[in-house]
Structure formats: C-alpha cells, structure tokens
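J.: So here's final-v6.cif, just mmCIF, N, CA and C atoms and all ligand atoms:
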data_coords
loop_
_atom_site.label_atom_id
_atom_site.label_comp_id
_atom_site.auth_asym_id
_atom_site.auth_seq_id
_atom_site.Cartn_x
_atom_site.Cartn_y
_atom_site.Cartn_z
N MET A 1487 -137.74 -24.96 -67.69
CA MET A 1487 -137.27 -24.69 -66.33
C MET A 1487 -136.07 -23.76 -66.39
N LYS A 1488 -136.09 -22.74 -65.57
CA LYS A 1488 -135.00 -21.77 -65.58
C LYS A 1488 -133.87 -22.21 -64.66
N THR A 1489 -132.65 -21.99 -65.13
CA THR A 1489 -131.49 -22.24 -64.28
C THR A 1489 -131.30 -21.04 -63.38
N PRO A 1490 -130.49 -21.16 -62.33
CA PRO A 1490 -130.25 -20.00 -61.46
C PRO A 1490 -129.68 -18.81 -62.22
N ASP A 1491 -128.82 -19.05 -63.26
CA ASP A 1491 -128.28 -17.95 -64.04
C ASP A 1491 -129.37 -17.21 -64.80
N GLN A 1492 -130.33 -17.97 -65.33
CA GLN A 1492 -131.44 -17.34 -66.06
C GLN A 1492 -132.32 -16.54 -65.12
N LYS A 1493 -132.49 -17.05 -63.89
CA LYS A 1493 -133.29 -16.30 -62.93
C LYS A 1493 -132.60 -15.00 -62.56
N ALA A 1494 -131.26 -15.03 -62.49
CA ALA A 1494 -130.51 -13.81 -62.15
C ALA A 1494 -130.67 -12.76 -63.25
N ASN A 1495 -130.83 -13.21 -64.51
CA ASN A 1495 -130.99 -12.28 -65.62
C ASN A 1495 -132.46 -12.10 -65.98
N GLN A 1496 -133.32 -12.21 -65.00
CA GLN A 1496 -134.74 -12.13 -65.31
C GLN A 1496 -135.13 -10.73 -65.75
N ASN A 1497 -136.34 -10.62 -66.25
CA ASN A 1497 -136.84 -9.39 -66.85
C ASN A 1497 -136.97 -8.26 -65.84
N THR A 1498 -137.05 -7.06 -66.40
CA THR A 1498 -137.41 -5.90 -65.59
C THR A 1498 -138.86 -5.56 -65.89
N VAL A 1499 -139.37 -4.52 -65.25
CA VAL A 1499 -140.75 -4.10 -65.50
C VAL A 1499 -140.92 -3.68 -66.95
N ARG A 1500 -139.83 -3.22 -67.59
CA ARG A 1500 -139.92 -2.79 -68.99
C ARG A 1500 -140.27 -3.95 -69.91
N ASP A 1501 -140.03 -5.19 -69.48
CA ASP A 1501 -140.33 -6.35 -70.30
C ASP A 1501 -141.70 -6.95 -69.99
N LEU A 1502 -142.39 -6.41 -69.01
CA LEU A 1502 -143.68 -6.98 -68.60
C LEU A 1502 -144.83 -6.30 -69.32
N SER A 1503 -145.97 -7.00 -69.34
CA SER A 1503 -147.20 -6.39 -69.86
C SER A 1503 -147.70 -5.38 -68.83
N LEU A 1504 -148.69 -4.61 -69.21
CA LEU A 1504 -149.23 -3.62 -68.28
C LEU A 1504 -149.78 -4.31 -67.03
N GLY A 1505 -150.41 -5.46 -67.18
CA GLY A 1505 -150.90 -6.21 -66.02
C GLY A 1505 -149.77 -6.64 -65.11
N GLY A 1506 -148.66 -7.06 -65.69
CA GLY A 1506 -147.49 -7.44 -64.89
C GLY A 1506 -146.90 -6.26 -64.17
N VAL A 1507 -146.90 -5.09 -64.82
CA VAL A 1507 -146.40 -3.88 -64.19
C VAL A 1507 -147.25 -3.54 -62.97
N LEU A 1508 -148.58 -3.60 -63.14
CA LEU A 1508 -149.48 -3.27 -62.04
C LEU A 1508 -149.35 -4.29 -60.91
N LEU A 1509 -149.21 -5.57 -61.26
CA LEU A 1509 -149.05 -6.61 -60.24
C LEU A 1509 -147.76 -6.41 -59.45
N ASN A 1510 -146.68 -6.09 -60.16
CA ASN A 1510 -145.42 -5.81 -59.46
C ASN A 1510 -145.56 -4.58 -58.57
N GLY A 1511 -146.35 -3.62 -59.02
CA GLY A 1511 -146.60 -2.44 -58.20
C GLY A 1511 -147.38 -2.78 -56.94
N LEU A 1512 -148.34 -3.66 -57.05
CA LEU A 1512 -149.10 -4.06 -55.87
C LEU A 1512 -148.22 -4.81 -54.88
N LYS A 1513 -147.21 -5.50 -55.38
CA LYS A 1513 -146.28 -6.22 -54.51
C LYS A 1513 -145.23 -5.30 -53.91
N CYS A 1514 -145.15 -4.04 -54.40
CA CYS A 1514 -144.18 -3.05 -53.93
C CYS A 1514 -142.75 -3.53 -54.13
N ARG A 1515 -142.48 -4.14 -55.26
CA ARG A 1515 -141.15 -4.63 -55.56
C ARG A 1515 -140.44 -3.68 -56.53
N CYS A 1516 -139.12 -3.75 -56.53
CA CYS A 1516 -138.29 -2.90 -57.38
C CYS A 1516 -138.64 -3.12 -58.85
N PRO A 1517 -138.74 -2.03 -59.65
CA PRO A 1517 -139.09 -2.20 -61.06
C PRO A 1517 -137.97 -2.78 -61.90
N GLN A 1518 -136.75 -2.77 -61.41
CA GLN A 1518 -135.64 -3.30 -62.21
C GLN A 1518 -135.40 -4.78 -61.93
N CYS A 1519 -135.26 -5.17 -60.69
CA CYS A 1519 -134.94 -6.57 -60.38
C CYS A 1519 -136.20 -7.37 -60.00
N LEU A 1520 -137.29 -6.71 -59.74
CA LEU A 1520 -138.58 -7.33 -59.38
C LEU A 1520 -138.49 -8.10 -58.07
N ARG A 1521 -137.46 -7.84 -57.27
CA ARG A 1521 -137.29 -8.56 -56.00
C ARG A 1521 -137.17 -7.65 -54.79
N GLY A 1522 -136.41 -6.57 -54.90
CA GLY A 1522 -136.15 -5.72 -53.74
C GLY A 1522 -137.38 -4.96 -53.29
N ASN A 1523 -137.53 -4.80 -51.98
CA ASN A 1523 -138.64 -4.03 -51.43
C ASN A 1523 -138.36 -2.55 -51.64
N MET A 1524 -139.33 -1.83 -52.22
CA MET A 1524 -139.13 -0.42 -52.54
C MET A 1524 -139.25 0.50 -51.34
N PHE A 1525 -139.80 0.02 -50.24
CA PHE A 1525 -140.15 0.92 -49.14
C PHE A 1525 -139.32 0.65 -47.90
N LYS A 1526 -139.06 1.73 -47.18
CA LYS A 1526 -138.53 1.62 -45.83
C LYS A 1526 -139.57 2.28 -44.93
N GLY A 1527 -139.90 1.68 -43.84
CA GLY A 1527 -140.94 2.23 -42.99
C GLY A 1527 -142.32 2.06 -43.61
N PHE A 1528 -143.22 2.97 -43.27
CA PHE A 1528 -144.61 2.83 -43.69
C PHE A 1528 -144.81 3.07 -45.18
N ALA A 1529 -144.44 4.23 -45.68
CA ALA A 1529 -144.66 4.52 -47.10
C ALA A 1529 -143.56 5.41 -47.67
N THR A 1530 -142.35 5.28 -47.15
CA THR A 1530 -141.22 6.05 -47.64
C THR A 1530 -140.44 5.21 -48.65
N ILE A 1531 -140.27 5.75 -49.85
CA ILE A 1531 -139.55 5.02 -50.89
C ILE A 1531 -138.05 5.09 -50.58
N ARG A 1532 -137.40 3.95 -50.66
CA ARG A 1532 -135.96 3.88 -50.40
C ARG A 1532 -135.19 4.70 -51.44
N ASP A 1533 -133.99 5.14 -51.07
CA ASP A 1533 -133.13 5.83 -52.03
C ASP A 1533 -132.62 4.87 -53.09
N ARG A 1534 -132.28 3.65 -52.66
CA ARG A 1534 -131.74 2.65 -53.58
C ARG A 1534 -132.37 1.30 -53.28
N CYS A 1535 -132.52 0.49 -54.31
CA CYS A 1535 -133.03 -0.87 -54.13
C CYS A 1535 -131.99 -1.67 -53.36
N PRO A 1536 -132.37 -2.39 -52.31
CA PRO A 1536 -131.39 -3.17 -51.54
C PRO A 1536 -130.84 -4.37 -52.30
N VAL A 1537 -131.46 -4.79 -53.37
CA VAL A 1537 -131.01 -5.96 -54.12
C VAL A 1537 -130.13 -5.56 -55.31
N CYS A 1538 -130.63 -4.66 -56.17
CA CYS A 1538 -129.90 -4.33 -57.40
C CYS A 1538 -129.26 -2.94 -57.38
N GLY A 1539 -129.61 -2.09 -56.42
CA GLY A 1539 -128.99 -0.77 -56.32
C GLY A 1539 -129.62 0.29 -57.21
N LEU A 1540 -130.75 0.01 -57.84
CA LEU A 1540 -131.42 1.01 -58.68
C LEU A 1540 -131.75 2.24 -57.84
N GLY A 1541 -131.47 3.42 -58.39
CA GLY A 1541 -131.76 4.67 -57.67
C GLY A 1541 -133.24 4.98 -57.70
N LEU A 1542 -133.94 4.59 -56.66
CA LEU A 1542 -135.38 4.84 -56.61
C LEU A 1542 -135.68 6.29 -56.29
N ASP A 1543 -134.69 7.03 -55.75
CA ASP A 1543 -134.91 8.44 -55.44
C ASP A 1543 -134.95 9.30 -56.70
N GLU A 1544 -134.59 8.72 -57.84
CA GLU A 1544 -134.63 9.46 -59.09
C GLU A 1544 -136.04 9.56 -59.67
N HIS A 1545 -136.97 8.85 -59.07
CA HIS A 1545 -138.36 8.90 -59.54
C HIS A 1545 -139.12 9.91 -58.69
N ASP A 1546 -139.44 11.04 -59.30
CA ASP A 1546 -140.19 12.08 -58.59
C ASP A 1546 -141.67 11.86 -58.84
N ILE A 1547 -142.33 11.18 -57.90
CA ILE A 1547 -143.75 10.90 -58.11
C ILE A 1547 -144.62 12.05 -57.66
N GLY A 1548 -144.07 12.98 -56.88
CA GLY A 1548 -144.81 14.16 -56.47
C GLY A 1548 -146.17 13.83 -55.88
N ASP A 1549 -147.20 14.51 -56.40
CA ASP A 1549 -148.56 14.28 -55.94
C ASP A 1549 -149.30 13.29 -56.83
N GLY A 1550 -148.58 12.57 -57.66
CA GLY A 1550 -149.20 11.65 -58.60
C GLY A 1550 -150.19 10.67 -57.99
N PRO A 1551 -149.88 10.04 -56.85
CA PRO A 1551 -150.82 9.07 -56.28
C PRO A 1551 -152.04 9.70 -55.63
N VAL A 1552 -152.01 11.00 -55.35
CA VAL A 1552 -153.09 11.62 -54.56
C VAL A 1552 -154.40 11.66 -55.35
N VAL A 1553 -154.35 12.10 -56.58
CA VAL A 1553 -155.58 12.28 -57.36
C VAL A 1553 -156.33 10.97 -57.58
N PRO A 1554 -155.66 9.90 -58.05
CA PRO A 1554 -156.42 8.65 -58.21
C PRO A 1554 -156.96 8.10 -56.89
N MET A 1555 -156.18 8.30 -55.80
CA MET A 1555 -156.66 7.82 -54.50
C MET A 1555 -157.89 8.60 -54.05
N MET A 1556 -157.86 9.94 -54.24
CA MET A 1556 -159.03 10.74 -53.85
C MET A 1556 -160.26 10.35 -54.66
N LEU A 1557 -160.07 10.13 -55.96
CA LEU A 1557 -161.22 9.78 -56.80
C LEU A 1557 -161.79 8.43 -56.41
N VAL A 1558 -160.95 7.43 -56.25
CA VAL A 1558 -161.44 6.08 -55.96
C VAL A 1558 -162.00 6.00 -54.54
N ILE A 1559 -161.22 6.43 -53.56
CA ILE A 1559 -161.66 6.33 -52.17
C ILE A 1559 -162.87 7.24 -51.94
N GLY A 1560 -162.86 8.44 -52.51
CA GLY A 1560 -163.99 9.34 -52.37
C GLY A 1560 -165.27 8.76 -52.95
N THR A 1561 -165.16 8.14 -54.12
CA THR A 1561 -166.34 7.53 -54.73
C THR A 1561 -166.88 6.39 -53.87
N ILE A 1562 -165.98 5.56 -53.37
CA ILE A 1562 -166.40 4.42 -52.53
C ILE A 1562 -167.08 4.93 -51.26
N VAL A 1563 -166.45 5.87 -50.57
CA VAL A 1563 -166.96 6.31 -49.27
C VAL A 1563 -168.26 7.11 -49.43
N VAL A 1564 -168.31 7.99 -50.40
CA VAL A 1564 -169.54 8.77 -50.60
C VAL A 1564 -170.70 7.85 -50.99
N SER A 1565 -170.43 6.88 -51.84
CA SER A 1565 -171.49 5.93 -52.22
C SER A 1565 -171.99 5.16 -51.01
N MET A 1566 -171.08 4.68 -50.19
CA MET A 1566 -171.48 3.93 -49.00
C MET A 1566 -172.21 4.84 -47.99
N ALA A 1567 -171.73 6.07 -47.84
CA ALA A 1567 -172.37 6.99 -46.90
C ALA A 1567 -173.79 7.34 -47.36
N LEU A 1568 -173.97 7.53 -48.66
CA LEU A 1568 -175.31 7.82 -49.18
C LEU A 1568 -176.23 6.61 -48.98
N TYR A 1569 -175.71 5.43 -49.21
CA TYR A 1569 -176.52 4.22 -49.00
C TYR A 1569 -176.96 4.11 -47.54
N VAL A 1570 -176.02 4.29 -46.62
CA VAL A 1570 -176.33 4.20 -45.19
C VAL A 1570 -177.32 5.30 -44.80
N GLU A 1571 -177.11 6.51 -45.30
CA GLU A 1571 -177.99 7.63 -44.96
C GLU A 1571 -179.43 7.38 -45.40
N PHE A 1572 -179.59 6.97 -46.64
CA PHE A 1572 -180.95 6.83 -47.17
C PHE A 1572 -181.60 5.50 -46.77
N THR A 1573 -180.81 4.53 -46.34
CA THR A 1573 -181.39 3.25 -45.93
C THR A 1573 -181.74 3.25 -44.44
N TYR A 1574 -180.84 3.76 -43.60
CA TYR A 1574 -181.01 3.65 -42.14
C TYR A 1574 -181.32 4.97 -41.45
N LEU A 1575 -181.14 6.09 -42.13
CA LEU A 1575 -181.36 7.43 -41.55
C LEU A 1575 -180.68 7.59 -40.18
N PRO A 1576 -179.40 7.35 -40.09
CA PRO A 1576 -178.71 7.45 -38.80
C PRO A 1576 -178.41 8.90 -38.44
N PRO A 1577 -178.14 9.20 -37.15
CA PRO A 1577 -177.68 10.55 -36.79
C PRO A 1577 -176.29 10.81 -37.38
N VAL A 1578 -175.91 12.07 -37.39
CA VAL A 1578 -174.64 12.47 -38.02
C VAL A 1578 -173.45 11.81 -37.36
N TRP A 1579 -173.48 11.63 -36.03
CA TRP A 1579 -172.31 11.07 -35.35
C TRP A 1579 -172.01 9.64 -35.83
N VAL A 1580 -173.01 8.93 -36.30
CA VAL A 1580 -172.77 7.58 -36.83
C VAL A 1580 -171.92 7.66 -38.10
N HIS A 1581 -172.20 8.64 -38.92
CA HIS A 1581 -171.37 8.82 -40.12
C HIS A 1581 -169.93 9.14 -39.74
N VAL A 1582 -169.75 10.00 -38.76
CA VAL A 1582 -168.39 10.37 -38.34
C VAL A 1582 -167.66 9.14 -37.81
N VAL A 1583 -168.34 8.36 -36.97
CA VAL A 1583 -167.70 7.17 -36.39
C VAL A 1583 -167.41 6.12 -37.45
N LEU A 1584 -168.28 6.01 -38.44
CA LEU A 1584 -168.06 5.01 -39.49
C LEU A 1584 -167.00 5.42 -40.50
N TRP A 1585 -167.14 6.61 -41.07
CA TRP A 1585 -166.38 6.93 -42.28
C TRP A 1585 -165.00 7.51 -42.03
N VAL A 1586 -164.80 8.21 -40.94
CA VAL A 1586 -163.46 8.75 -40.68
C VAL A 1586 -162.44 7.62 -40.50
N PRO A 1587 -162.69 6.64 -39.61
CA PRO A 1587 -161.72 5.55 -39.51
C PRO A 1587 -161.63 4.72 -40.79
N PHE A 1588 -162.76 4.56 -41.47
CA PHE A 1588 -162.75 3.78 -42.72
C PHE A 1588 -161.84 4.43 -43.76
N VAL A 1589 -161.95 5.75 -43.91
CA VAL A 1589 -161.10 6.46 -44.87
C VAL A 1589 -159.63 6.36 -44.46
N MET A 1590 -159.36 6.48 -43.17
CA MET A 1590 -157.96 6.41 -42.71
C MET A 1590 -157.36 5.02 -42.98
N VAL A 1591 -158.11 3.98 -42.68
CA VAL A 1591 -157.60 2.61 -42.91
C VAL A 1591 -157.44 2.34 -44.40
N LEU A 1592 -158.44 2.72 -45.18
CA LEU A 1592 -158.37 2.49 -46.62
C LEU A 1592 -157.21 3.25 -47.24
N THR A 1593 -156.98 4.47 -46.80
CA THR A 1593 -155.85 5.25 -47.31
C THR A 1593 -154.53 4.59 -46.93
N ALA A 1594 -154.43 4.11 -45.70
CA ALA A 1594 -153.19 3.45 -45.27
C ALA A 1594 -152.92 2.20 -46.07
N VAL A 1595 -153.94 1.48 -46.42
CA VAL A 1595 -153.77 0.24 -47.19
C VAL A 1595 -153.40 0.54 -48.64
N VAL A 1596 -154.00 1.57 -49.21
CA VAL A 1596 -153.86 1.83 -50.64
C VAL A 1596 -152.66 2.71 -50.97
N LEU A 1597 -152.27 3.62 -50.09
CA LEU A 1597 -151.23 4.62 -50.40
C LEU A 1597 -149.93 4.00 -50.89
N LYS A 1598 -149.42 3.05 -50.15
CA LYS A 1598 -148.14 2.43 -50.49
C LYS A 1598 -148.19 1.77 -51.87
N ARG A 1599 -149.28 1.10 -52.14
CA ARG A 1599 -149.41 0.39 -53.42
C ARG A 1599 -149.55 1.35 -54.60
N VAL A 1600 -150.28 2.43 -54.40
CA VAL A 1600 -150.44 3.40 -55.49
C VAL A 1600 -149.11 4.10 -55.76
N LYS A 1601 -148.36 4.45 -54.71
CA LYS A 1601 -147.04 5.04 -54.91
C LYS A 1601 -146.14 4.08 -55.67
N SER A 1602 -146.19 2.82 -55.31
CA SER A 1602 -145.38 1.82 -55.99
C SER A 1602 -145.77 1.69 -57.46
N ILE A 1603 -147.07 1.70 -57.74
CA ILE A 1603 -147.53 1.58 -59.13
C ILE A 1603 -147.07 2.78 -59.95
N VAL A 1604 -147.09 3.98 -59.37
CA VAL A 1604 -146.64 5.17 -60.10
C VAL A 1604 -145.15 5.06 -60.43
N VAL A 1605 -144.34 4.58 -59.50
CA VAL A 1605 -142.91 4.40 -59.78
C VAL A 1605 -142.72 3.33 -60.86
N GLN A 1606 -143.49 2.25 -60.78
CA GLN A 1606 -143.39 1.20 -61.81
C GLN A 1606 -143.71 1.75 -63.19
N LEU A 1607 -144.77 2.55 -63.27
CA LEU A 1607 -145.18 3.11 -64.56
C LEU A 1607 -144.14 4.11 -65.07
N GLN A 1608 -143.56 4.91 -64.17
CA GLN A 1608 -142.49 5.82 -64.61
C GLN A 1608 -141.31 5.03 -65.14
N TYR A 1609 -140.92 3.99 -64.44
CA TYR A 1609 -139.78 3.19 -64.88
C TYR A 1609 -140.08 2.50 -66.21
N ARG A 1610 -141.32 2.08 -66.37
CA ARG A 1610 -141.70 1.34 -67.57
C ARG A 1610 -141.79 2.24 -68.80
N PHE A 1611 -142.33 3.43 -68.64
CA PHE A 1611 -142.65 4.25 -69.80
C PHE A 1611 -141.80 5.50 -69.96
N ARG A 1612 -140.88 5.78 -69.03
CA ARG A 1612 -140.05 6.97 -69.17
C ARG A 1612 -138.59 6.57 -69.23
N GLU A 1613 -137.82 7.43 -69.83
CA GLU A 1613 -136.38 7.27 -69.82
C GLU A 1613 -135.89 7.65 -68.43
N THR A 1614 -135.27 6.70 -67.73
CA THR A 1614 -134.89 6.98 -66.35
C THR A 1614 -133.40 7.14 -66.17
N ASP A 1615 -132.64 7.23 -67.27
CA ASP A 1615 -131.21 7.44 -67.11
C ASP A 1615 -130.91 8.83 -66.57
N LYS A 1616 -131.81 9.77 -66.87
CA LYS A 1616 -131.63 11.13 -66.38
C LYS A 1616 -132.39 11.30 -65.08
N LYS A 1617 -131.80 12.01 -64.15
CA LYS A 1617 -132.46 12.26 -62.89
C LYS A 1617 -133.61 13.24 -63.09
N THR A 1618 -134.77 12.93 -62.51
CA THR A 1618 -135.93 13.79 -62.63
C THR A 1618 -135.78 14.97 -61.67
N LEU A 1619 -135.92 16.15 -62.21
CA LEU A 1619 -135.84 17.35 -61.38
C LEU A 1619 -137.19 17.61 -60.74
N PRO A 1620 -137.21 18.30 -59.61
CA PRO A 1620 -138.50 18.64 -59.01
C PRO A 1620 -139.39 19.37 -60.02
N GLY A 1621 -140.64 18.99 -60.05
CA GLY A 1621 -141.57 19.56 -61.01
C GLY A 1621 -141.61 18.76 -62.29
N GLY A 1622 -140.87 17.66 -62.36
CA GLY A 1622 -140.92 16.78 -63.53
C GLY A 1622 -140.15 17.28 -64.73
N GLN A 1623 -139.25 18.25 -64.56
CA GLN A 1623 -138.50 18.79 -65.72
C GLN A 1623 -137.23 18.01 -65.97
ZN ZN B 1701 -133.92 -3.82 -57.53
#
Can the structure in the file be given as structure tokens, please?
Ligand SMILES: [Zn+2]
T.:
Amino acid sequence: MKTPDQKANQNTVRDLSLGGVLLNGLKCRCPQCLRGNMFKGFATIRDRCPVCGLGLDEHDIGDGPVVPMMLVIGTIVVSMALYVEFTYLPPVWVHVVLWVPFVMVLTAVVLKRVKSIVVQLQYRFRETDKKTLPGGQ
C-alpha cells in the first residue's frame, strides 16, 4: 500500500511500459505527473500542466496525428462504405448522409486521444529538456 508521500512521487510516463504510455495517452493525462489534464477546450494542448507545471507547449507534434488518423479512419470508412454499397446498392445520397457525419464524429472522438498519445510518446522517447523548434529541429 502506498503512502500519500509515495503517491506524490509516483512514476512518469518514462517509467511506464509502452501499454501504460498508450493508456495514459487515451486518458489525456500529463506525461510527467500522470494526473493533469493536457487539454483546454476541445483539442487544444495547454501550455503548462495545471498540476505539475510541465511545459506541454515544448512538444511540437505538428501533423503527427494526422497520418495515423487518416489511415485508420479511412480504412474503417471505406471498408464500411464498400460493404454497404455491394450489399444494399443504395443511391449515392445515402452514402453522403451516412459517411460524412460518421467521419466527423469519429474524427472528433479520436483526434484528442491521438494528439495526447503523440505527446506521451515524445515525452517518453525524446529528450525534452530542450525546446523543440518548429519543424522538429
Ligand atoms: Zn503534470
């Protein structure tokens, strides 16, 4: 059983396994204290963690979350659209009504978590004492 002092000195993402890193990313928690919420508003990363003060603005994730999201969401939606097309032969407007809102909702649900996972992975595997310059230099 951990005492309150031990809980205060708990691990960072650097001490977790890859599964723990991904789980913390899905929870959108700070990679250093594992408690603070990384986001303000819908999907804007805070400048600093409200709990431990870690500079979250030093992580330049750029377009990192876009490619995996396009691959995963695109594969899911195209597969489902092909299934619906060849099974039910619906008119084109049915595809528009089905897939446009589906893609928007799925993107809204996944975007925040993928951004969080990218920051977690940067914190876990990169030296973060230096501020990342635009373009990752
Ligand atoms: Zn924190």
J.: Taking the DSSP assignment computed from this structure's backbone, write out as number ranges by chain all residues of segment 1502-1605 of chain A that belong to strand (DSSP E).
T.: A: 1525-1526, 1530-1531
J.: If you measure from atom CA of Phe1528 of chain A to atom N of Leu1607 of chain A, what distance in Å do you get, rounded to one decimal?
T.: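 Atom N of Leu1607 of chain A lies at a distance of 19.6 Å from atom CA of Phe1528 of chain A.
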J.: Could you tell me which of A:Leu1597, A:Val1605, A:Ser1503, A:Arg1532 comes closest to Ile1547 of chain A if we count all atoms listed in the file?
T.: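 Looking only at the distances to Ile1547 of chain A, the closest residue turns out to be A:Val1605.
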J.: Find the residues near ligand ZN 1701 (chain B). Use a cut-off of 7 Å, count only C-alpha atoms and all ligand atoms, and write them as a list in words.
T.: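 So, counting only C-alpha atoms and all ligand atoms, the residues near ligand ZN 1701 (chain B) are Cys1516, Pro1517, Gln1518, Cys1519, Leu1520, Arg1521, Gly1522, Cys1535, Pro1536, Val1537, Cys1538, Gly1539 and Leu1540 of chain A.
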J.: Kindly give the distance, in Å, that separates atom CA of Asp1549 of chain A and atom CA of Val1583 of chain A, rounded to a single decimal.
T.: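 Value for the atom CA of Asp1549 of chain A-atom CA of Val1583 of chain A distance: 28.3 Å.
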J.: Which residue gives the smallest distance to Cys1514 of chain A among A:Arg1610, A:Arg1534, A:Lys1598, A:Thr1561, with only C-alpha atoms counted?
T.: A:Lys1598
J.: What gap, in Å, lies between atom C of Gly1548 of chain A and atom C of Ile1531 of chain A?
T.: 13.1 Å
J.: When distances are computed from only C-alpha atoms, which of A:Val1582, A:Val1499, A:Val1595, A:Val1563 shows the smallest separation from Arg1612 of chain A?
T.: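 Between A:Val1582, A:Val1499, A:Val1595, A:Val1563, the residue approaching Arg1612 of chain A most closely is A:Val1499.
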J.: For Ile1603 of chain A, which residue out of A:Met1555, A:Val1570, A:Leu1512, A:Leu1584 is the nearest one, using only N, CA and C atoms?
T.: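 So, comparing all the options, the nearest one is A:Leu1512.
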J.: Pick the closest to Ala1567 of chain A from A:Met1590, A:Val1552, A:Asp1546, A:Trp1585: which is it, counting only N, CA and C atoms?
T.: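 Under the stated criterion, the closest residue is A:Trp1585.
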J.: For Ala1594 of chain A, find every residue with an atom within 10 Å (counting only C-alpha atoms), except residues of its own chain fewer than 5 positions away, and show them as a count of residues only.
T.: 5
